[in-house]
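This is final26.pdb. It holds PDB, C-alpha atoms, pLDDT in the B column.
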```
ATOM      1  CA  MET A   1      20.956 -18.011 -61.876  1.00 86.00           C
ATOM      2  CA  ASN A   2      18.639 -17.028 -59.057  1.00 93.00           C
ATOM      3  CA  ILE A   3      15.032 -18.155 -59.636  1.00 95.00           C
ATOM      4  CA  ASN A   4      12.312 -16.902 -57.315  1.00 97.00           C
ATOM      5  CA  ILE A   5       8.913 -18.665 -57.521  1.00 96.00           C
ATOM      6  CA  ASN A   6       5.843 -17.070 -55.936  1.00 96.00           C
ATOM      7  CA  SER A   7       2.417 -18.678 -55.925  1.00 95.00           C
ATOM      8  CA  VAL A   8      -0.546 -16.424 -55.215  1.00 94.00           C
ATOM      9  CA  HIS A   9      -3.224 -17.800 -52.827  1.00 88.00           C
ATOM     10  CA  PHE A  10      -1.961 -21.391 -52.970  1.00 90.00           C
ATOM     11  CA  ARG A  11       1.160 -23.411 -52.214  1.00 92.00           C
ATOM     12  CA  ALA A  12       3.040 -24.767 -55.229  1.00 92.00           C
ATOM     13  CA  ASP A  13       4.297 -28.299 -54.638  1.00 95.00           C
ATOM     14  CA  GLU A  14       7.964 -29.238 -54.936  1.00 96.00           C
ATOM     15  CA  LYS A  15       7.388 -31.134 -58.188  1.00 97.00           C
ATOM     16  CA  LEU A  16       5.967 -28.008 -59.882  1.00 97.00           C
ATOM     17  CA  GLU A  17       8.763 -25.791 -58.553  1.00 96.00           C
ATOM     18  CA  THR A  18      11.409 -28.252 -59.779  1.00 97.00           C
ATOM     19  CA  PHE A  19       9.727 -28.398 -63.201  1.00 97.00           C
ATOM     20  CA  ILE A  20       9.771 -24.588 -63.473  1.00 97.00           C
ATOM     21  CA  GLN A  21      13.396 -24.311 -62.347  1.00 97.00           C
ATOM     22  CA  GLU A  22      14.529 -26.921 -64.880  1.00 96.00           C
ATOM     23  CA  LYS A  23      12.681 -25.167 -67.713  1.00 96.00           C
ATOM     24  CA  ILE A  24      14.098 -21.744 -66.874  1.00 96.00           C
ATOM     25  CA  ASN A  25      17.624 -23.079 -66.328  1.00 95.00           C
ATOM     26  CA  LYS A  26      17.556 -24.497 -69.875  1.00 95.00           C
ATOM     27  CA  LEU A  27      17.318 -20.913 -71.177  1.00 94.00           C
ATOM     28  CA  GLU A  28      20.917 -20.368 -70.069  1.00 92.00           C
ATOM     29  CA  GLN A  29      22.076 -22.509 -72.997  1.00 91.00           C
ATOM     30  CA  PHE A  30      20.739 -19.786 -75.329  1.00 87.00           C
ATOM     31  CA  PHE A  31      22.087 -16.835 -73.320  1.00 87.00           C
ATOM     32  CA  ASP A  32      24.420 -17.111 -70.366  1.00 87.00           C
ATOM     33  CA  GLY A  33      23.998 -13.502 -69.208  1.00 89.00           C
ATOM     34  CA  ILE A  34      20.662 -14.033 -67.424  1.00 93.00           C
ATOM     35  CA  LEU A  35      20.887 -12.386 -64.000  1.00 95.00           C
ATOM     36  CA  SER A  36      17.710 -13.651 -62.313  1.00 96.00           C
ATOM     37  CA  SER A  37      14.132 -14.759 -62.907  1.00 97.00           C
ATOM     38  CA  GLU A  38      10.938 -14.221 -60.987  1.00 98.00           C
ATOM     39  CA  VAL A  39       7.985 -16.530 -61.592  1.00 97.00           C
ATOM     40  CA  ILE A  40       4.474 -15.698 -60.389  1.00 98.00           C
ATOM     41  CA  LEU A  41       1.835 -18.435 -60.495  1.00 97.00           C
ATOM     42  CA  LYS A  42      -1.819 -17.607 -60.024  1.00 95.00           C
ATOM     43  CA  VAL A  43      -5.274 -19.020 -60.592  1.00 92.00           C
ATOM     44  CA  GLU A  44      -7.771 -16.723 -62.263  1.00 87.00           C
ATOM     45  CA  ASN A  45     -11.527 -17.155 -62.712  1.00 78.00           C
ATOM     46  CA  VAL A  46     -11.889 -20.451 -60.856  1.00 69.00           C
ATOM     47  CA  ASN A  47     -14.847 -21.513 -63.061  1.00 75.00           C
ATOM     48  CA  GLY A  48     -12.852 -21.410 -66.306  1.00 75.00           C
ATOM     49  CA  LYS A  49     -10.901 -24.316 -67.738  1.00 84.00           C
ATOM     50  CA  GLU A  50      -7.754 -22.411 -68.768  1.00 86.00           C
ATOM     51  CA  ASN A  51      -7.345 -20.574 -65.478  1.00 91.00           C
ATOM     52  CA  LYS A  52      -3.672 -21.186 -64.587  1.00 94.00           C
ATOM     53  CA  ILE A  53      -1.358 -18.230 -65.213  1.00 96.00           C
ATOM     54  CA  ALA A  54       2.432 -18.188 -65.270  1.00 97.00           C
ATOM     55  CA  GLU A  55       4.202 -14.831 -65.377  1.00 98.00           C
ATOM     56  CA  ILE A  56       7.963 -14.763 -65.768  1.00 98.00           C
ATOM     57  CA  LYS A  57      10.120 -11.660 -65.398  1.00 98.00           C
ATOM     58  CA  MET A  58      13.714 -12.221 -66.385  1.00 97.00           C
ATOM     59  CA  LYS A  59      16.504  -9.774 -65.661  1.00 96.00           C
ATOM     60  CA  VAL A  60      19.235  -9.488 -68.275  1.00 94.00           C
ATOM     61  CA  PRO A  61      21.964  -6.830 -68.420  1.00 92.00           C
ATOM     62  CA  GLY A  62      20.280  -3.470 -69.017  1.00 88.00           C
ATOM     63  CA  ASP A  63      16.770  -4.846 -69.509  1.00 90.00           C
ATOM     64  CA  ASP A  64      13.881  -6.926 -68.164  1.00 95.00           C
ATOM     65  CA  LEU A  65      12.078  -9.500 -70.281  1.00 96.00           C
ATOM     66  CA  PHE A  66       8.479 -10.311 -69.342  1.00 98.00           C
ATOM     67  CA  VAL A  67       5.941 -12.874 -70.469  1.00 98.00           C
ATOM     68  CA  LYS A  68       2.517 -13.926 -69.186  1.00 97.00           C
ATOM     69  CA  LYS A  69       0.811 -17.106 -70.381  1.00 97.00           C
ATOM     70  CA  GLN A  70      -2.458 -18.775 -69.448  1.00 95.00           C
ATOM     71  CA  ALA A  71      -3.321 -22.471 -69.840  1.00 95.00           C
ATOM     72  CA  SER A  72      -5.197 -25.346 -68.208  1.00 94.00           C
ATOM     73  CA  THR A  73      -2.149 -26.403 -66.151  1.00 95.00           C
ATOM     74  CA  PHE A  74       0.801 -24.529 -64.680  1.00 96.00           C
ATOM     75  CA  GLU A  75       3.140 -26.828 -66.602  1.00 97.00           C
ATOM     76  CA  ASP A  76       1.544 -25.864 -69.941  1.00 97.00           C
ATOM     77  CA  ALA A  77       1.546 -22.175 -69.028  1.00 97.00           C
ATOM     78  CA  THR A  78       5.211 -22.436 -68.028  1.00 97.00           C
ATOM     79  CA  ASP A  79       6.115 -24.248 -71.272  1.00 97.00           C
ATOM     80  CA  GLN A  80       4.437 -21.516 -73.311  1.00 97.00           C
ATOM     81  CA  ALA A  81       6.077 -18.754 -71.257  1.00 98.00           C
ATOM     82  CA  VAL A  82       9.554 -20.293 -71.542  1.00 97.00           C
ATOM     83  CA  SER A  83       9.094 -20.706 -75.300  1.00 97.00           C
ATOM     84  CA  ALA A  84       8.141 -17.020 -75.602  1.00 97.00           C
ATOM     85  CA  LEU A  85      11.119 -16.028 -73.434  1.00 96.00           C
ATOM     86  CA  ARG A  86      13.448 -18.029 -75.666  1.00 95.00           C
ATOM     87  CA  LYS A  87      12.313 -15.902 -78.625  1.00 95.00           C
ATOM     88  CA  GLN A  88      12.760 -12.711 -76.599  1.00 95.00           C
ATOM     89  CA  LEU A  89      16.265 -13.811 -75.590  1.00 93.00           C
ATOM     90  CA  PHE A  90      17.233 -14.377 -79.237  1.00 92.00           C
ATOM     91  CA  LYS A  91      15.975 -10.887 -80.140  1.00 92.00           C
ATOM     92  CA  TYR A  92      17.746  -9.368 -77.140  1.00 92.00           C
ATOM     93  CA  LYS A  93      20.983 -11.113 -78.082  1.00 89.00           C
ATOM     94  CA  GLU A  94      20.768  -9.944 -81.714  1.00 89.00           C
ATOM     95  CA  LYS A  95      20.108  -6.369 -80.644  1.00 87.00           C
ATOM     96  CA  HIS A  96      22.600  -6.012 -77.783  1.00 81.00           C
ATOM     97  CA  ILE A  97      25.462  -8.394 -78.453  1.00 72.00           C
ATOM     98  CA  LYS A  98      27.566  -7.789 -81.502  1.00 64.00           C
ATOM     99  CA  GLY A  99      29.340 -10.692 -83.114  1.00 51.00           C
TER     100      GLY A  99
END
```
Take the structure in the file and give it back as structure tokens.
Amino acid sequence: MNININSVHFRADEKLETFIQEKINKLEQFFDGILSSEVILKVENVNGKENKIAEIKMKVPGDDLFVKKQASTFEDATDQAVSALRKQLFKYKEKHIKG
């Protein structure tokens, strides 16, 4: 699966990018038809504590799944986003794949 990671107004380090790729790749065990994923990382309202945002757009056959989560770290935001995507993938699978 192709995973594209974009960080807005900062440079994500290799450790963070590897973490995100590993988390998203694990979703393939629930549904192997994922075409690609785009991750956008941004910092919002620099004064706030929970200011890290992870947006993930995942392309699956005939549809796009999208989730946006905000937390105090990019890792937490990514964990929450991947968890939400897992639920969306289960619903997508139930709706579109018979049997």
Apply the PyMOL selection byres ((chain A and resi 57) around 10) to the file shown and report the selected residues as a PDB file with C-alpha atoms, in the frame of the given file.
```
ATOM      1  CA  ILE A   3      15.032 -18.155 -59.636  1.00 95.00           C
ATOM      2  CA  ASN A   4      12.312 -16.902 -57.315  1.00 97.00           C
ATOM      3  CA  SER A  36      17.710 -13.651 -62.313  1.00 96.00           C
ATOM      4  CA  SER A  37      14.132 -14.759 -62.907  1.00 97.00           C
ATOM      5  CA  GLU A  38      10.938 -14.221 -60.987  1.00 98.00           C
ATOM      6  CA  VAL A  39       7.985 -16.530 -61.592  1.00 97.00           C
ATOM      7  CA  ILE A  40       4.474 -15.698 -60.389  1.00 98.00           C
ATOM      8  CA  GLU A  55       4.202 -14.831 -65.377  1.00 98.00           C
ATOM      9  CA  ILE A  56       7.963 -14.763 -65.768  1.00 98.00           C
ATOM     10  CA  MET A  58      13.714 -12.221 -66.385  1.00 97.00           C
ATOM     11  CA  LYS A  59      16.504  -9.774 -65.661  1.00 96.00           C
ATOM     12  CA  VAL A  60      19.235  -9.488 -68.275  1.00 94.00           C
ATOM     13  CA  ASP A  64      13.881  -6.926 -68.164  1.00 95.00           C
ATOM     14  CA  LEU A  65      12.078  -9.500 -70.281  1.00 96.00           C
ATOM     15  CA  PHE A  66       8.479 -10.311 -69.342  1.00 98.00           C
ATOM     16  CA  VAL A  67       5.941 -12.874 -70.469  1.00 98.00           C
ATOM     17  CA  LYS A  68       2.517 -13.926 -69.186  1.00 97.00           C
ATOM     18  CA  LEU A  85      11.119 -16.028 -73.434  1.00 96.00           C
TER      19      LEU A  85
END
```
Applying 8 Å and only C-alpha atoms, which residues near Ala54 of chain A remain after dropping the ones on its own chain fewer than 3 positions away? List them as a PDB file with C-alpha atoms, keeping the file's coordinate frame.
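File around-v4.pdb, as written:
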```pdb
ATOM      1  CA  VAL A  39       7.985 -16.530 -61.592  1.00 97.00           C
ATOM      2  CA  ILE A  40       4.474 -15.698 -60.389  1.00 98.00           C
ATOM      3  CA  LEU A  41       1.835 -18.435 -60.495  1.00 97.00           C
ATOM      4  CA  LYS A  42      -1.819 -17.607 -60.024  1.00 95.00           C
ATOM      5  CA  LYS A  68       2.517 -13.926 -69.186  1.00 97.00           C
ATOM      6  CA  LYS A  69       0.811 -17.106 -70.381  1.00 97.00           C
ATOM      7  CA  GLN A  70      -2.458 -18.775 -69.448  1.00 95.00           C
ATOM      8  CA  PHE A  74       0.801 -24.529 -64.680  1.00 96.00           C
ATOM      9  CA  ALA A  77       1.546 -22.175 -69.028  1.00 97.00           C
ATOM     10  CA  THR A  78       5.211 -22.436 -68.028  1.00 97.00           C
ATOM     11  CA  ALA A  81       6.077 -18.754 -71.257  1.00 98.00           C
TER      12      ALA A  81
END
```
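Using only C-alpha atoms, the shortest contact distance between Glu75 of chain A and any of A:Leu35, A:Ile5, A:Val43, A:Ile20 is found at A:Ile20.
For the set A:Lys52, A:Asn47, A:Ala71, A:Phe31, the residue with the smallest atom-to-atom gap to Lys87 of chain A is A:Phe31, counting only C-alpha atoms.
In this structure, atom CA of Gln80 of chain A sits 10.5 Å away from atom CA of Ile53 of chain A.
Among the candidates A:His9, A:Glu50, A:Ala84, A:Phe90, the residue lying nearest to Ser72 of chain A is A:Glu50 (atoms considered: all atoms listed in the file).
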Please give the centre and size of the box around segment 72-82 of chain A (axis-aligned, containing every atom listed in the file, 3 Å added per side), with values in Å to one decimal and written as lines of an AutoDock Vina configuration file.
```
center_x = 2.2
center_y = -22.8
center_z = -69.0
size_x = 20.8
size_y = 14.1
size_z = 14.6
```
In Å to one decimal, how far is atom CA of Gln29 of chain A from atom CA of Lys15 of chain A?
22.6 Å
Convert the output of the PyMOL selection byres ((chain A and resi 30) around 12) on the shown file into explicit residues, formatted as a PDB file with C-alpha atoms, keeping the file's coordinate frame.
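Saved to selection-v2.pdb:
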```pdb
ATOM      1  CA  ILE A  24      14.098 -21.744 -66.874  1.00 96.00           C
ATOM      2  CA  ASN A  25      17.624 -23.079 -66.328  1.00 95.00           C
ATOM      3  CA  LYS A  26      17.556 -24.497 -69.875  1.00 95.00           C
ATOM      4  CA  LEU A  27      17.318 -20.913 -71.177  1.00 94.00           C
ATOM      5  CA  GLU A  28      20.917 -20.368 -70.069  1.00 92.00           C
ATOM      6  CA  GLN A  29      22.076 -22.509 -72.997  1.00 91.00           C
ATOM      7  CA  PHE A  31      22.087 -16.835 -73.320  1.00 87.00           C
ATOM      8  CA  ASP A  32      24.420 -17.111 -70.366  1.00 87.00           C
ATOM      9  CA  GLY A  33      23.998 -13.502 -69.208  1.00 89.00           C
ATOM     10  CA  ILE A  34      20.662 -14.033 -67.424  1.00 93.00           C
ATOM     11  CA  VAL A  82       9.554 -20.293 -71.542  1.00 97.00           C
ATOM     12  CA  SER A  83       9.094 -20.706 -75.300  1.00 97.00           C
ATOM     13  CA  LEU A  85      11.119 -16.028 -73.434  1.00 96.00           C
ATOM     14  CA  ARG A  86      13.448 -18.029 -75.666  1.00 95.00           C
ATOM     15  CA  LYS A  87      12.313 -15.902 -78.625  1.00 95.00           C
ATOM     16  CA  GLN A  88      12.760 -12.711 -76.599  1.00 95.00           C
ATOM     17  CA  LEU A  89      16.265 -13.811 -75.590  1.00 93.00           C
ATOM     18  CA  PHE A  90      17.233 -14.377 -79.237  1.00 92.00           C
ATOM     19  CA  LYS A  91      15.975 -10.887 -80.140  1.00 92.00           C
ATOM     20  CA  TYR A  92      17.746  -9.368 -77.140  1.00 92.00           C
ATOM     21  CA  LYS A  93      20.983 -11.113 -78.082  1.00 89.00           C
ATOM     22  CA  GLU A  94      20.768  -9.944 -81.714  1.00 89.00           C
TER      23      GLU A  94
END
```
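Counting only C-alpha atoms, the residue from A:Asn51, A:Gln21, A:Ser7, A:Asn2 that sits nearest to Asp79 of chain A is A:Gln21.
Interatomic distance, atom CA of Arg11 of chain A against atom CA of Gly48 of chain A: 20.0 Å.
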File output for segment 4-83 of chain A (C-alpha atoms) as an mmCIF file, in the first residue's frame:
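Produced file out.cif, reproduced below:
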```cif
data_model
loop_
_atom_site.group_PDB
_atom_site.id
_atom_site.type_symbol
_atom_site.label_atom_id
_atom_site.label_comp_id
_atom_site.auth_asym_id
_atom_site.auth_seq_id
_atom_site.Cartn_x
_atom_site.Cartn_y
_atom_site.Cartn_z
ATOM 1 C CA ASN A 4 1.958 9.490 1.689
ATOM 2 C CA ILE A 5 2.785 11.555 4.813
ATOM 3 C CA ASN A 6 2.631 15.354 4.679
ATOM 4 C CA SER A 7 3.508 17.590 7.603
ATOM 5 C CA VAL A 8 2.276 21.172 7.468
ATOM 6 C CA HIS A 9 4.768 23.893 8.542
ATOM 7 C CA PHE A 10 7.211 21.462 10.164
ATOM 8 C CA ARG A 11 9.356 18.462 9.271
ATOM 9 C CA ALA A 12 8.229 15.122 10.696
ATOM 10 C CA ASP A 13 11.164 13.031 11.887
ATOM 11 C CA GLU A 14 11.841 9.531 10.580
ATOM 12 C CA LYS A 15 10.744 7.916 13.849
ATOM 13 C CA LEU A 16 7.277 9.521 13.601
ATOM 14 C CA GLU A 17 6.911 8.602 9.924
ATOM 15 C CA THR A 18 7.890 4.985 10.646
ATOM 16 C CA PHE A 19 5.394 4.856 13.530
ATOM 17 C CA ILE A 20 2.589 6.113 11.263
ATOM 18 C CA GLN A 21 3.462 3.706 8.447
ATOM 19 C CA GLU A 22 3.492 0.723 10.818
ATOM 20 C CA LYS A 23 0.109 1.686 12.284
ATOM 21 C CA ILE A 24 -1.531 2.141 8.889
ATOM 22 C CA ASN A 25 0.020 -1.028 7.454
ATOM 23 C CA LYS A 26 -1.584 -3.012 10.298
ATOM 24 C CA LEU A 27 -5.001 -2.046 8.887
ATOM 25 C CA GLU A 28 -4.327 -4.340 5.928
ATOM 26 C CA GLN A 29 -4.902 -7.340 8.202
ATOM 27 C CA PHE A 30 -8.550 -6.226 8.505
ATOM 28 C CA PHE A 31 -9.025 -5.388 4.811
ATOM 29 C CA ASP A 32 -6.535 -6.153 2.080
ATOM 30 C CA GLY A 33 -8.199 -3.976 -0.572
ATOM 31 C CA ILE A 34 -6.768 -0.657 0.668
ATOM 32 C CA LEU A 35 -5.400 1.230 -2.341
ATOM 33 C CA SER A 36 -3.527 4.103 -0.677
ATOM 34 C CA SER A 37 -3.441 6.391 2.346
ATOM 35 C CA GLU A 38 -2.636 10.046 2.762
ATOM 36 C CA VAL A 39 -1.693 11.370 6.194
ATOM 37 C CA ILE A 40 -1.630 15.089 6.993
ATOM 38 C CA LEU A 41 -0.011 16.208 10.246
ATOM 39 C CA LYS A 42 -0.486 19.730 11.523
ATOM 40 C CA VAL A 43 -0.165 21.815 14.653
ATOM 41 C CA GLU A 44 -3.120 24.011 15.516
ATOM 42 C CA ASN A 45 -3.406 26.758 18.137
ATOM 43 C CA VAL A 46 0.174 26.631 19.405
ATOM 44 C CA ASN A 47 -0.898 27.737 22.921
ATOM 45 C CA GLY A 48 -3.185 24.743 23.491
ATOM 46 C CA LYS A 49 -2.099 21.446 24.993
ATOM 47 C CA GLU A 50 -3.936 19.114 22.589
ATOM 48 C CA ASN A 51 -2.783 20.862 19.430
ATOM 49 C CA LYS A 52 -1.467 17.986 17.272
ATOM 50 C CA ILE A 53 -3.789 16.902 14.458
ATOM 51 C CA ALA A 54 -3.601 13.767 12.336
ATOM 52 C CA GLU A 55 -5.860 13.502 9.296
ATOM 53 C CA ILE A 56 -5.933 10.258 7.354
ATOM 54 C CA LYS A 57 -7.645 9.783 3.999
ATOM 55 C CA MET A 58 -7.731 6.189 2.868
ATOM 56 C CA LYS A 59 -8.694 5.102 -0.623
ATOM 57 C CA VAL A 60 -10.598 1.837 -0.922
ATOM 58 C CA PRO A 61 -12.340 0.507 -4.042
ATOM 59 C CA GLY A 62 -15.190 2.884 -4.882
ATOM 60 C CA ASP A 63 -14.842 5.060 -1.784
ATOM 61 C CA ASP A 64 -12.638 7.250 0.414
ATOM 62 C CA LEU A 65 -12.532 6.881 4.184
ATOM 63 C CA PHE A 66 -11.540 9.951 6.204
ATOM 64 C CA VAL A 67 -10.774 10.616 9.844
ATOM 65 C CA LYS A 68 -9.355 13.600 11.732
ATOM 66 C CA LYS A 69 -8.158 13.320 15.329
ATOM 67 C CA GLN A 70 -6.560 15.799 17.705
ATOM 68 C CA ALA A 71 -4.370 14.977 20.719
ATOM 69 C CA SER A 72 -1.344 16.159 22.693
ATOM 70 C CA THR A 73 1.079 14.132 20.535
ATOM 71 C CA PHE A 74 1.061 13.019 16.910
ATOM 72 C CA GLU A 75 1.404 9.418 18.077
ATOM 73 C CA ASP A 76 -1.786 9.665 20.173
ATOM 74 C CA ALA A 77 -3.652 11.417 17.365
ATOM 75 C CA THR A 78 -2.499 8.725 14.933
ATOM 76 C CA ASP A 79 -3.547 5.922 17.314
ATOM 77 C CA GLN A 80 -7.012 7.446 17.644
ATOM 78 C CA ALA A 81 -7.305 7.992 13.881
ATOM 79 C CA VAL A 82 -6.219 4.433 13.050
ATOM 80 C CA SER A 83 -8.692 3.054 15.597
#
```
